[in-house]
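Student: Provided herewith: structure_28.cif, mmCIF, C-alpha atoms (C1' of nucleotides).
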data_model
#
loop_
_atom_site.label_atom_id
_atom_site.label_comp_id
_atom_site.auth_asym_id
_atom_site.auth_seq_id
_atom_site.Cartn_x
_atom_site.Cartn_y
_atom_site.Cartn_z
CA MET A 1 308.06 111.45 47.50
CA ALA A 2 307.83 111.74 43.72
CA ARG A 3 305.77 114.80 42.97
CA PRO A 4 302.91 114.18 40.56
CA TYR A 5 304.32 113.98 37.07
CA SER A 6 302.49 115.33 34.08
CA PRO A 7 303.88 115.11 30.57
CA THR A 8 305.80 117.94 28.97
CA LEU A 9 304.96 119.19 25.49
CA LEU A 10 307.39 116.69 24.00
CA GLY A 11 305.65 114.03 26.06
CA TYR A 12 302.28 114.95 24.56
CA VAL A 13 303.76 114.88 21.07
CA LEU A 14 304.96 111.35 21.73
CA LEU A 15 301.56 110.39 23.12
CA GLY A 16 299.97 111.86 20.00
CA LEU A 17 302.23 109.91 17.68
CA LEU A 18 301.78 106.65 19.59
CA ASN A 19 298.04 107.20 19.61
CA GLN A 20 298.05 107.38 15.82
CA LEU A 21 299.89 104.10 15.73
CA PRO A 22 302.01 102.06 18.16
CA ARG A 23 305.66 102.53 17.27
CA SER A 24 309.21 101.93 18.41
CA GLY A 25 311.46 104.76 19.48
CA TYR A 26 313.19 104.45 16.16
CA ASP A 27 309.91 104.80 14.26
CA VAL A 28 309.07 107.90 16.27
CA ARG A 29 312.45 109.39 15.42
CA MET A 30 311.98 108.72 11.71
CA GLU A 31 308.50 110.26 11.77
CA MET A 32 309.84 113.37 13.45
CA GLU A 33 312.63 113.67 10.93
CA THR A 34 310.33 113.61 7.92
CA THR A 35 307.56 115.61 9.58
CA PRO A 36 309.02 117.99 12.14
CA MET A 37 306.93 118.30 15.30
CA GLY A 38 307.31 121.79 16.63
CA HIS A 39 310.96 122.50 17.29
CA PHE A 40 311.84 119.19 18.88
CA SER A 41 314.94 117.25 18.03
CA SER A 42 314.55 113.73 16.75
CA SER A 43 317.89 112.68 18.16
CA PRO A 44 318.06 109.46 20.17
CA GLY A 45 319.12 111.36 23.27
CA SER A 46 315.84 113.26 23.15
CA ILE A 47 313.39 110.54 22.21
CA TYR A 48 314.47 107.47 24.15
CA PRO A 49 314.68 109.09 27.59
CA ALA A 50 311.35 110.85 27.01
CA LEU A 51 309.71 107.53 26.14
CA GLN A 52 311.21 105.85 29.18
CA LEU A 53 309.84 108.63 31.38
CA LEU A 54 306.36 108.24 29.94
CA LYS A 55 306.57 104.51 30.48
CA LYS A 56 307.88 104.87 34.02
CA ASN A 57 304.89 107.07 34.81
CA GLY A 58 302.37 104.71 33.26
CA PHE A 59 301.29 106.74 30.23
CA ILE A 60 302.60 104.19 27.79
CA ASP A 61 303.57 100.56 27.84
CA SER A 62 305.61 98.43 25.48
CA GLU A 63 306.13 94.98 24.07
CA VAL A 64 309.37 93.76 22.63
CA ILE A 65 308.76 92.43 19.14
CA HIS A 66 311.15 89.96 17.54
CA ARG A 67 310.68 90.13 13.83
CA SER A 68 312.42 87.60 11.66
CA ARG A 69 316.15 88.00 12.19
CA LEU A 70 316.02 91.79 12.77
CA LYS A 71 317.11 93.28 16.07
CA PRO A 72 314.15 93.24 18.44
CA ARG A 73 312.17 96.47 18.68
CA GLU A 74 310.40 97.91 21.72
CA VAL A 75 307.00 98.96 20.46
CA PHE A 76 305.12 101.48 22.61
CA HIS A 77 301.39 102.02 22.91
CA LEU A 78 299.17 104.24 25.08
CA THR A 79 297.74 102.95 28.33
CA GLU A 80 294.32 104.06 29.54
CA LYS A 81 296.05 106.70 31.63
CA GLY A 82 297.92 107.85 28.53
CA LYS A 83 294.74 108.07 26.49
CA LYS A 84 293.06 110.14 29.17
CA ALA A 85 296.02 112.48 29.48
CA LEU A 86 296.18 112.98 25.72
CA SER A 87 292.47 113.62 25.52
CA ALA A 88 292.61 116.14 28.38
CA TRP A 89 295.45 117.98 26.66
CA LEU A 90 293.62 118.10 23.36
CA HIS A 91 290.41 119.36 24.96
CA LYS A 92 291.96 121.96 27.26
CA ARG A 93 290.31 125.37 27.00
CA LEU A 94 292.39 128.03 25.29
CA ALA A 95 293.69 131.19 26.92
CA VAL A 96 294.10 134.42 24.99
CA SER A 97 297.79 134.41 25.90
CA ASP A 98 298.20 131.06 24.14
CA LEU A 99 297.90 132.95 20.86
CA ARG A 100 301.03 134.84 21.75
CA ASP A 101 303.01 132.20 23.62
CA ASN A 102 301.85 128.76 22.61
CA LEU A 103 300.74 128.93 19.01
CA SER A 104 302.87 126.00 17.98
CA GLU A 105 301.41 123.92 20.81
CA LEU A 106 297.88 124.78 19.65
CA MET A 107 298.76 123.65 16.16
CA LEU A 108 300.16 120.38 17.43
CA ARG A 109 296.94 119.85 19.34
CA PHE A 110 294.95 120.53 16.19
CA ARG A 111 296.94 117.94 14.30
CA PHE A 112 296.65 115.21 16.91
CA MET A 113 292.98 115.93 17.37
CA GLU A 114 292.36 114.13 14.12
CA ASP A 115 292.96 110.75 15.71
CA ILE A 116 290.89 111.21 18.82
CA ALA A 117 288.19 113.83 18.39
CA SER A 118 285.09 114.03 16.27
CA GLY A 119 284.60 116.72 13.66
CA GLN A 120 282.24 118.38 16.12
CA GLU A 121 284.96 118.64 18.75
CA THR A 122 287.42 119.99 16.23
CA LEU A 123 284.86 122.62 15.27
CA ARG A 124 284.55 123.66 18.89
CA PHE A 125 288.32 123.96 19.10
CA LEU A 126 288.44 126.15 16.02
CA GLN A 127 285.59 128.32 17.28
CA ASP A 128 287.37 128.83 20.58
CA PHE A 129 290.61 129.50 18.73
CA ARG A 130 288.99 132.15 16.52
CA ARG A 131 287.30 133.79 19.46
CA LYS A 132 290.51 134.08 21.46
CA ALA A 133 292.36 135.29 18.37
CA ARG A 134 289.84 138.08 17.89
CA THR A 135 290.26 139.14 21.49
CA TYR A 136 294.02 139.18 21.15
CA ALA A 137 293.79 141.12 17.89
CA SER A 138 291.76 143.85 19.51
CA ILE A 139 294.26 144.08 22.37
CA LEU A 140 297.10 144.47 19.89
CA LYS A 141 295.21 147.11 17.93
CA SER A 142 294.63 149.17 21.04
CA GLN A 143 298.37 148.98 21.70
CA THR A 144 299.00 150.38 18.25
CA ARG A 145 297.02 153.46 19.11
CA THR A 146 298.81 154.09 22.39
CA GLN A 147 302.38 152.93 21.83
CA ALA A 148 303.31 153.08 18.19
CA GLU A 149 304.76 156.57 18.29
CA SER A 150 308.50 157.10 18.19
CA SER A 151 309.78 153.79 16.86
CA LEU A 152 309.27 152.64 13.28
CA HIS A 153 310.72 149.21 13.98
CA PHE A 154 308.44 148.72 16.95
CA ALA A 155 305.39 149.86 15.00
CA LEU A 156 306.23 147.43 12.19
CA SER A 157 306.71 144.60 14.68
CA LEU A 158 303.30 145.31 16.14
CA GLN A 159 301.82 145.45 12.67
CA ARG A 160 303.32 142.06 11.91
CA GLU A 161 301.83 140.60 15.07
CA ILE A 162 298.41 141.89 14.09
CA SER A 163 298.68 140.53 10.54
CA MET A 164 299.74 137.24 12.00
CA ILE A 165 296.65 137.00 14.19
CA GLN A 166 294.36 138.16 11.42
CA MET A 167 295.81 135.46 9.21
CA HIS A 168 295.02 132.89 11.87
CA ILE A 169 291.44 134.12 12.13
CA ASP A 170 291.07 133.71 8.38
CA TRP A 171 292.67 130.28 8.57
CA ALA A 172 290.25 129.21 11.29
CA ASP A 173 287.38 130.35 9.07
CA GLN A 174 288.62 128.26 6.18
CA ALA A 175 289.23 125.28 8.40
CA MET A 176 285.76 125.52 9.91
CA SER A 177 284.22 125.60 6.46
CA ALA A 178 286.14 122.48 5.60
CA PHE A 179 284.80 120.70 8.69
CA GLU A 180 281.27 121.93 8.25
CA ALA A 181 281.35 120.41 4.78
CA THR A 182 282.04 117.01 6.30
CA GLU A 183 279.70 117.40 9.30
CA PRO A 184 276.14 117.97 8.08
CA ASN A 185 274.82 118.67 11.61
CA THR A 186 275.52 122.41 11.72
CA PRO A 187 273.74 124.36 9.02
CA MET B 188 339.80 125.44 30.13
CA ALA B 189 336.71 127.59 29.65
CA ARG B 190 335.38 126.91 26.19
CA PRO B 191 334.73 130.04 24.12
CA TYR B 192 331.50 131.55 25.33
CA SER B 193 329.07 133.21 23.00
CA PRO B 194 325.83 134.74 24.19
CA THR B 195 322.56 132.86 24.09
CA LEU B 196 319.43 134.38 22.62
CA LEU B 197 318.52 135.83 26.01
CA GLY B 198 322.02 137.25 26.17
CA TYR B 199 321.54 139.01 22.85
CA VAL B 200 318.21 140.41 24.01
CA LEU B 201 319.96 141.87 27.05
CA LEU B 202 322.72 143.28 24.84
CA GLY B 203 320.05 144.82 22.62
CA LEU B 204 318.27 146.43 25.54
CA LEU B 205 321.48 147.74 27.10
CA ASN B 206 322.55 149.07 23.72
CA GLN B 207 319.37 151.12 23.54
CA LEU B 208 320.17 152.54 26.93
CA PRO B 209 322.34 151.54 29.92
CA ARG B 210 320.14 150.07 32.63
CA SER B 211 320.11 148.19 35.88
CA GLY B 212 318.90 144.62 36.12
CA TYR B 213 315.73 145.93 37.64
CA ASP B 214 315.15 148.31 34.72
CA VAL B 215 315.68 145.46 32.30
CA ARG B 216 313.12 143.39 34.17
CA MET B 217 310.55 146.19 34.09
CA GLU B 218 311.11 146.72 30.36
CA MET B 219 310.60 143.02 29.69
CA GLU B 220 307.43 143.00 31.74
CA THR B 221 305.79 145.80 29.81
CA THR B 222 307.20 144.76 26.43
CA PRO B 223 307.69 141.02 26.32
CA MET B 224 310.85 139.95 24.51
CA GLY B 225 310.21 136.66 22.84
CA HIS B 226 309.15 134.12 25.42
CA PHE B 227 311.67 135.01 28.11
CA SER B 228 310.78 135.39 31.74
CA SER B 229 311.48 138.70 33.40
CA SER B 230 311.94 137.07 36.79
CA PRO B 231 315.00 138.02 38.84
CA GLY B 232 316.32 134.47 38.67
CA SER B 233 316.46 134.75 34.90
CA ILE B 234 317.79 138.26 34.44
CA TYR B 235 320.42 138.73 37.13
CA PRO B 236 322.41 135.56 36.44
CA ALA B 237 322.27 136.24 32.70
CA LEU B 238 323.67 139.73 33.24
CA GLN B 239 326.41 138.41 35.50
CA LEU B 240 327.41 135.91 32.84
CA LEU B 241 327.63 138.60 30.17
CA LYS B 242 329.71 140.70 32.51
CA LYS B 243 332.00 137.82 33.44
CA ASN B 244 332.65 137.27 29.74
CA GLY B 245 333.36 140.90 28.99
CA PHE B 246 330.32 141.76 26.88
CA ILE B 247 329.03 144.30 29.36
CA ASP B 248 330.42 146.27 32.26
CA SER B 249 328.74 148.13 35.11
CA GLU B 250 329.02 151.04 37.50
CA VAL B 251 327.28 151.19 40.83
CA ILE B 252 325.26 154.37 41.00
CA HIS B 253 324.26 155.84 44.34
CA ARG B 254 321.33 158.10 43.77
CA SER B 255 320.10 160.29 46.57
CA ARG B 256 319.07 158.00 49.39
CA LEU B 257 317.86 155.17 47.12
CA LYS B 258 319.44 151.77 47.31
CA PRO B 259 322.44 151.77 44.92
CA ARG B 260 321.84 150.34 41.48
CA GLU B 261 324.25 148.44 39.24
CA VAL B 262 323.92 150.04 35.83
CA PHE B 263 325.17 147.95 32.89
CA HIS B 264 326.44 149.14 29.52
CA LEU B 265 327.98 147.41 26.50
CA THR B 266 331.72 147.07 26.12
CA GLU B 267 333.39 147.20 22.70
CA LYS B 268 333.28 143.42 22.65
CA GLY B 269 329.58 143.56 23.45
CA LYS B 270 328.91 146.05 20.66
CA LYS B 271 330.74 143.88 18.16
CA ALA B 272 328.89 140.76 19.26
CA LEU B 273 325.52 142.50 19.01
CA SER B 274 326.35 143.88 15.59
CA ALA B 275 327.49 140.48 14.34
CA TRP B 276 324.25 138.90 15.55
CA LEU B 277 322.13 141.56 13.90
CA HIS B 278 323.98 141.26 10.59
CA LYS B 279 324.12 137.47 10.43
CA ARG B 280 322.92 136.07 7.11
CA LEU B 281 319.59 134.28 7.22
CA ALA B 282 319.01 130.63 6.48
CA VAL B 283 315.80 129.37 4.91
CA SER B 284 315.26 127.15 7.94
CA ASP B 285 315.22 130.25 10.18
CA LEU B 286 311.78 131.01 8.75
CA ARG B 287 310.53 127.78 10.24
CA ASP B 288 312.58 127.56 13.43
CA ASN B 289 313.76 131.01 14.44
CA LEU B 290 311.12 133.47 13.36
CA SER B 291 310.88 135.08 16.76
CA GLU B 292 314.65 135.52 16.84
CA LEU B 293 314.55 137.21 13.45
CA MET B 294 311.91 139.61 14.71
CA LEU B 295 313.97 140.44 17.79
CA ARG B 296 316.89 141.16 15.49
CA PHE B 297 314.72 143.43 13.39
CA ARG B 298 313.67 145.37 16.46
CA PHE B 299 317.16 145.83 17.89
CA MET B 300 318.48 146.77 14.46
CA GLU B 301 316.87 150.14 14.92
CA ASP B 302 319.49 151.23 17.40
CA ILE B 303 322.56 150.08 15.55
CA ALA B 304 321.97 149.79 11.81
CA SER B 305 321.22 152.30 9.09
CA GLY B 306 318.02 152.20 7.07
CA GLN B 307 320.09 150.74 4.25
CA GLU B 308 321.18 147.82 6.38
CA THR B 309 317.65 147.21 7.56
CA LEU B 310 316.55 147.17 3.94
CA ARG B 311 319.14 144.53 3.16
CA PHE B 312 317.84 142.46 6.09
CA LEU B 313 314.29 142.71 4.82
CA GLN B 314 315.32 141.82 1.28
CA ASP B 315 317.16 138.77 2.53
CA PHE B 316 314.20 137.89 4.73
CA ARG B 317 311.75 138.12 1.82
CA ARG B 318 314.02 136.11 -0.44
CA LYS B 319 314.35 133.27 2.08
CA ALA B 320 310.63 133.40 2.81
CA ARG B 321 309.85 132.94 -0.89
CA THR B 322 312.15 129.96 -1.06
CA TYR B 323 310.52 128.40 1.98
CA ALA B 324 307.06 129.09 0.58
CA SER B 325 307.85 127.23 -2.61
CA ILE B 326 309.18 124.29 -0.63
CA LEU B 327 305.97 124.15 1.38
CA LYS B 328 303.84 124.37 -1.74
CA SER B 329 305.64 121.45 -3.30
CA GLN B 330 304.93 119.48 -0.13
CA THR B 331 301.26 120.24 -0.53
CA ARG B 332 301.25 118.57 -3.90
CA THR B 333 302.99 115.43 -2.73
CA GLN B 334 301.80 114.89 0.84
CA ALA B 335 298.45 116.49 1.39
CA GLU B 336 296.42 113.40 0.59
CA SER B 337 294.81 111.38 3.34
CA SER B 338 294.77 113.80 6.25
CA LEU B 339 292.54 116.87 6.41
CA HIS B 340 294.18 118.11 9.60
CA PHE B 341 297.62 117.79 8.11
CA ALA B 342 296.57 119.55 4.92
CA LEU B 343 295.12 122.43 6.91
CA SER B 344 298.28 122.67 9.00
CA LEU B 345 300.33 122.90 5.86
CA GLN B 346 297.98 125.51 4.47
CA ARG B 347 298.38 127.53 7.63
CA GLU B 348 302.16 127.36 7.36
CA ILE B 349 301.97 128.63 3.79
CA SER B 350 299.62 131.47 4.72
CA MET B 351 302.00 132.40 7.53
CA ILE B 352 304.94 132.68 5.20
CA GLN B 353 302.94 134.55 2.58
CA MET B 354 301.85 137.00 5.27
CA HIS B 355 305.48 137.55 6.17
CA ILE B 356 306.41 138.19 2.56
CA ASP B 357 303.67 140.82 2.39
CA TRP B 358 304.83 142.30 5.68
CA ALA B 359 308.39 142.56 4.41
CA ASP B 360 307.07 144.38 1.32
CA GLN B 361 305.24 146.89 3.47
CA ALA B 362 308.20 147.34 5.77
CA MET B 363 310.54 147.89 2.83
CA SER B 364 308.24 150.55 1.44
CA ALA B 365 308.30 152.27 4.79
CA PHE B 366 312.10 152.29 4.81
CA GLU B 367 312.44 153.36 1.20
CA ALA B 368 310.26 156.35 2.03
CA THR B 369 312.83 157.44 4.60
CA GLU B 370 315.91 156.51 2.55
CA PRO B 371 315.92 158.43 -0.75
CA ASN B 372 318.96 156.53 -2.14
CA THR B 373 317.09 153.63 -3.70
CA PRO B 374 314.55 154.66 -6.33
"C1'" DA C 375 302.57 151.06 60.77
"C1'" DA C 376 302.05 148.72 56.76
"C1'" DA C 377 301.98 148.10 51.97
"C1'" DA C 378 304.01 148.82 47.65
"C1'" DA C 379 307.77 149.62 44.85
"C1'" DC C 380 312.83 149.41 44.49
"C1'" DA C 381 316.74 146.33 44.08
"C1'" DT C 382 319.55 142.06 43.92
"C1'" DG C 383 320.57 137.75 44.49
"C1'" DT C 384 320.87 132.03 45.42
"C1'" DA C 385 319.42 127.11 45.05
"C1'" DA C 386 317.20 123.46 43.18
"C1'" DG C 387 315.56 121.40 39.47
"C1'" DC C 388 313.39 120.42 34.87
"C1'" DT C 389 313.91 119.86 29.97
"C1'" DG C 390 316.03 118.97 26.42
"C1'" DT C 391 320.33 118.86 23.51
"C1'" DT C 392 324.73 117.20 21.63
"C1'" DA C 393 328.15 113.97 21.67
"C1'" DC C 394 329.42 109.56 22.60
"C1'" DA C 395 328.85 104.54 22.61
"C1'" DT C 396 327.24 99.99 21.05
"C1'" DG C 397 325.79 96.48 18.34
"C1'" DA C 398 322.88 93.76 14.59
"C1'" DT C 399 321.43 93.19 9.84
"C1'" DT C 400 321.13 93.95 5.01
"C1'" DG C 401 322.56 95.39 0.37
"C1'" DG C 402 325.95 96.37 -2.91
"C1'" DC D 403 333.64 93.30 3.49
"C1'" DC D 404 332.04 97.81 3.81
"C1'" DA D 405 328.57 101.08 4.04
"C1'" DA D 406 324.05 102.11 5.16
"C1'" DT D 407 320.18 101.32 7.83
"C1'" DC D 408 318.10 99.51 11.95
"C1'" DA D 409 317.90 100.05 16.91
"C1'" DT D 410 318.78 101.70 21.67
"C1'" DG D 411 320.88 103.81 24.97
"C1'" DT D 412 324.17 106.99 28.53
"C1'" DA D 413 326.64 111.21 30.18
"C1'" DA D 414 327.49 115.75 30.42
"C1'" DC D 415 325.80 119.98 30.10
"C1'" DA D 416 323.31 124.32 28.67
"C1'" DG D 417 319.98 127.24 29.66
"C1'" DC D 418 316.59 128.44 31.56
"C1'" DT D 419 312.52 128.74 35.40
"C1'" DT D 420 310.29 128.92 39.86
"C1'" DA D 421 310.64 129.48 44.51
"C1'" DC D 422 313.01 131.32 48.13
"C1'" DA D 423 315.60 134.91 50.50
"C1'" DT D 424 316.86 139.65 51.85
"C1'" DG D 425 316.96 144.33 52.59
"C1'" DT D 426 315.76 149.56 51.49
"C1'" DT D 427 312.87 153.44 50.40
"C1'" DT D 428 308.66 155.68 49.48
"C1'" DT D 429 303.81 156.13 49.79
"C1'" DT D 430 299.51 155.62 52.18
#
If you took the structure in this file and wrote it as structure tokens, what would it be?
Tutor:
Amino acid sequence: MARPYSPTLLGYVLLGLLNQLPRSGYDVRMEMETTPMGHFSSSPGSIYPALQLLKKNGFIDSEVIHRSRLKPREVFHLTEKGKKALSAWLHKRLAVSDLRDNLSELMLRFRFMEDIASGQETLRFLQDFRRKARTYASILKSQTRTQAESSLHFALSLQREISMIQMHIDWADQAMSAFEATEPNTP
Amino acid sequence: MARPYSPTLLGYVLLGLLNQLPRSGYDVRMEMETTPMGHFSSSPGSIYPALQLLKKNGFIDSEVIHRSRLKPREVFHLTEKGKKALSAWLHKRLAVSDLRDNLSELMLRFRFMEDIASGQETLRFLQDFRRKARTYASILKSQTRTQAESSLHFALSLQREISMIQMHIDWADQAMSAFEATEPNTP
DNA sequence: AAAAACATGTAAGCTGTTACATGATTGG
DNA sequence: CCAATCATGTAACAGCTTACATGTTTTT
């Protein structure tokens, strides 16, 4: 009675990497060692079982490639189901709470969006991101007014959170400018 | 043959909260609901077992308090062992990689430091924090020069990471000023 | 009488990690 | 021939989380 499986965050990272380029488990590990993806380990015990699970559930498929003399490699690529799942993940609407809880996931989505979405879609993502960030910033600022008495450490922590969000708003602005420069559609 | 147990991050959060003030599991849950501690759940299934584990390992102890007519509550407080463990956690030296991987842990430490450390010690923490942040920033900037070709999304992600760290350096500056104002020892 | 708040727990399970294990090929 | 790199896996476990379960006291 296998309950419906949907990929974990690590699963989506793997889908994102395989969407860039079909790879073996080993290639994925090497990529994650040179360019860390969130906080995930690149150890074999993390990557290989996660790939097997994606394969078992039909998000990816593989061919075994025998290159001259080298040990054969199992090269994975996305199935249609995998492509759809990745696309759905990348296009998911943001929640305000994601700014607090899932920032690193949002940034992973932004990175993998390059290989699947148009500049227009990326712009929409950034607009949504900035909007939700502004909402969250105003929530935090109202907390400052009501709670920041008594504790200096707490007040400074809140201040840091606000600076953090403000920085992300500014970043989104910059990023949007960069995309508007390449997409002549929006004036 | 129980291997030596040392608290997890959630364990340290609980030690920090109980060090502020002895509380029941229920009180801890309420505190974590109003003031989220990192990304931890405040659900009973998370908190009660974690408290039992700390108690079993001698970091906290409890008394059952029967208040007038109310259901009795198990109120936890730190033992000497618990105080030492909390202090050691709070005073641990930072690694540069903590800026990338454990930022939220560092911020939790900063918050709980209020109840255990002097302003001088907090200043040392912030100095160390700023120093490591500067090192990490320069590493990231050198990556920009070597890797930022080809991918706009990747370049923007890197830029965001750098802005993040710079923001934290500025925050540490502000925070240090705030503490120097209260500690007249350092000119 | 019922709902809401007080108070504490257990059981099942998911996710991912480290540590262990194995073997082939290539370069020095 | 030895080390490094290529390549893939398994087993045990830590550390949660959600869902379930239970009962009391106060407020409406």
Student: With all atoms listed in the file considered, list every residue of chain A at most 12 Å from chain D, as number ranges by chain.
Tutor: A: 24-30, 43-49, 51-52, 69-75
Student: Would you mind reading off the distance between CA of Arg287 (chain B) and CA of His355 (chain B), one decimal, in Å?
Tutor: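 We find that CA of Arg287 (chain B) and CA of His355 (chain B) lie 11.7 Å from each other.
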Student: One decimal, in Å: what's the spacing between CA of His153 (chain A) and CA of Ala362 (chain B)?
Tutor: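 These atoms are spaced 8.8 Å apart.
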Student: Counting all atoms listed in the file, which residues of chain A sit at most 9 Å from some atom of chain B, and what is each one's closest atom pair with its distance in Å to one decimal, listed by chain and rising residue number, as a tab-separated table?
Tutor:
residue	atom	partner	partner_atom	distance
A:Gly38	CA	B:Asp288	CA	8.4
A:His39	CA	B:Asp288	CA	6.6
A:Arg100	CA	B:His226	CA	8.9
A:Asp101	CA	B:His226	CA	6.7
A:Met107	CA	B:Ser344	CA	7.2
A:Leu108	CA	B:Ser344	CA	8.9
A:Phe110	CA	B:His340	CA	7.1
A:Arg111	CA	B:His340	CA	5.5
A:Phe112	CA	B:His340	CA	8.2
A:Met113	CA	B:His340	CA	8.2
A:Glu114	CA	B:His340	CA	6.3
A:Ser151	CA	B:Glu301	CA	8.2
A:Leu152	CA	B:Glu301	CA	8.2
A:His153	CA	B:Arg298	CA	5.4
A:Phe154	CA	B:Arg298	CA	6.2
A:Leu156	CA	B:Ala362	CA	6.7
A:Ser157	CA	B:Met294	CA	7.2
A:Gln159	CA	B:Trp358	CA	8.2
A:Arg160	CA	B:Trp358	CA	6.4
A:Ser163	CA	B:Met354	CA	7.1
A:Met164	CA	B:Met351	CA	7.0
A:Met167	CA	B:Met351	CA	7.1
A:His168	CA	B:Arg347	CA	7.6
A:Trp171	CA	B:Arg347	CA	6.4
A:Gln174	CA	B:Leu343	CA	8.8
A:Ala175	CA	B:Leu343	CA	6.7
A:Ala178	CA	B:Leu339	CA	8.5
A:Phe179	CA	B:Leu339	CA	8.9
Student: Selected residues, C-alpha atoms, written as a PDB file, in the frame of the given file, please.
Tutor:
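For reference, out-v5.pdb as written:
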ATOM      1  CA  GLY A  38     307.310 121.790  16.630  1.00  0.00           C
ATOM      2  CA  HIS A  39     310.960 122.500  17.290  1.00  0.00           C
ATOM      3  CA  ARG A 100     301.030 134.840  21.750  1.00  0.00           C
ATOM      4  CA  ASP A 101     303.010 132.200  23.620  1.00  0.00           C
ATOM      5  CA  MET A 107     298.760 123.650  16.160  1.00  0.00           C
ATOM      6  CA  LEU A 108     300.160 120.380  17.430  1.00  0.00           C
ATOM      7  CA  PHE A 110     294.950 120.530  16.190  1.00  0.00           C
ATOM      8  CA  ARG A 111     296.940 117.940  14.300  1.00  0.00           C
ATOM      9  CA  PHE A 112     296.650 115.210  16.910  1.00  0.00           C
ATOM     10  CA  MET A 113     292.980 115.930  17.370  1.00  0.00           C
ATOM     11  CA  GLU A 114     292.360 114.130  14.120  1.00  0.00           C
ATOM     12  CA  SER A 151     309.780 153.790  16.860  1.00  0.00           C
ATOM     13  CA  LEU A 152     309.270 152.640  13.280  1.00  0.00           C
ATOM     14  CA  HIS A 153     310.720 149.210  13.980  1.00  0.00           C
ATOM     15  CA  PHE A 154     308.440 148.720  16.950  1.00  0.00           C
ATOM     16  CA  LEU A 156     306.230 147.430  12.190  1.00  0.00           C
ATOM     17  CA  SER A 157     306.710 144.600  14.680  1.00  0.00           C
ATOM     18  CA  GLN A 159     301.820 145.450  12.670  1.00  0.00           C
ATOM     19  CA  ARG A 160     303.320 142.060  11.910  1.00  0.00           C
ATOM     20  CA  SER A 163     298.680 140.530  10.540  1.00  0.00           C
ATOM     21  CA  MET A 164     299.740 137.240  12.000  1.00  0.00           C
ATOM     22  CA  MET A 167     295.810 135.460   9.210  1.00  0.00           C
ATOM     23  CA  HIS A 168     295.020 132.890  11.870  1.00  0.00           C
ATOM     24  CA  TRP A 171     292.670 130.280   8.570  1.00  0.00           C
ATOM     25  CA  GLN A 174     288.620 128.260   6.180  1.00  0.00           C
ATOM     26  CA  ALA A 175     289.230 125.280   8.400  1.00  0.00           C
ATOM     27  CA  ALA A 178     286.140 122.480   5.600  1.00  0.00           C
ATOM     28  CA  PHE A 179     284.800 120.700   8.690  1.00  0.00           C
TER      29      PHE A 179
END
Student: Using all atoms listed in the file, what residues lie at most 12 Å away from (314.3, 128.7, 8.2) (file coordinates), given as a PyMOL selection string?
Tutor: (chain A and resi 39) or (chain B and resi 280-293+315-324+326-327+352)
Student: How would the residues just picked look written out with C-alpha atoms as a PDB file, keeping the file's coordinate frame?
Tutor:
ATOM      1  CA  HIS A  39     310.960 122.500  17.290  1.00  0.00           C
TER       2      HIS A  39
ATOM      3  CA  ARG B 280     322.920 136.070   7.110  1.00  0.00           C
ATOM      4  CA  LEU B 281     319.590 134.280   7.220  1.00  0.00           C
ATOM      5  CA  ALA B 282     319.010 130.630   6.480  1.00  0.00           C
ATOM      6  CA  VAL B 283     315.800 129.370   4.910  1.00  0.00           C
ATOM      7  CA  SER B 284     315.260 127.150   7.940  1.00  0.00           C
ATOM      8  CA  ASP B 285     315.220 130.250  10.180  1.00  0.00           C
ATOM      9  CA  LEU B 286     311.780 131.010   8.750  1.00  0.00           C
ATOM     10  CA  ARG B 287     310.530 127.780  10.240  1.00  0.00           C
ATOM     11  CA  ASP B 288     312.580 127.560  13.430  1.00  0.00           C
ATOM     12  CA  ASN B 289     313.760 131.010  14.440  1.00  0.00           C
ATOM     13  CA  LEU B 290     311.120 133.470  13.360  1.00  0.00           C
ATOM     14  CA  SER B 291     310.880 135.080  16.760  1.00  0.00           C
ATOM     15  CA  GLU B 292     314.650 135.520  16.840  1.00  0.00           C
ATOM     16  CA  LEU B 293     314.550 137.210  13.450  1.00  0.00           C
ATOM     17  CA  ASP B 315     317.160 138.770   2.530  1.00  0.00           C
ATOM     18  CA  PHE B 316     314.200 137.890   4.730  1.00  0.00           C
ATOM     19  CA  ARG B 317     311.750 138.120   1.820  1.00  0.00           C
ATOM     20  CA  ARG B 318     314.020 136.110  -0.440  1.00  0.00           C
ATOM     21  CA  LYS B 319     314.350 133.270   2.080  1.00  0.00           C
ATOM     22  CA  ALA B 320     310.630 133.400   2.810  1.00  0.00           C
ATOM     23  CA  ARG B 321     309.850 132.940  -0.890  1.00  0.00           C
ATOM     24  CA  THR B 322     312.150 129.960  -1.060  1.00  0.00           C
ATOM     25  CA  TYR B 323     310.520 128.400   1.980  1.00  0.00           C
ATOM     26  CA  ALA B 324     307.060 129.090   0.580  1.00  0.00           C
ATOM     27  CA  ILE B 326     309.180 124.290  -0.630  1.00  0.00           C
ATOM     28  CA  LEU B 327     305.970 124.150   1.380  1.00  0.00           C
ATOM     29  CA  ILE B 352     304.940 132.680   5.200  1.00  0.00           C
TER      30      ILE B 352
END
Student: If you take only C-alpha atoms (C1' of nucleotides) and a cut-off of 7 Å, which residues of chain C touch chain A, and what are their nearest atom pairs and distances in Å to one decimal, in chain and number order, as a Markdown table?
Tutor:
| residue | atom | partner | partner_atom | distance |
| --- | --- | --- | --- | --- |
| C:DG390 | C1' | A:Ser46 | CA | 6.6 |
| C:DA398 | C1' | A:Lys71 | CA | 6.0 |
| C:DT399 | C1' | A:Leu70 | CA | 6.3 |
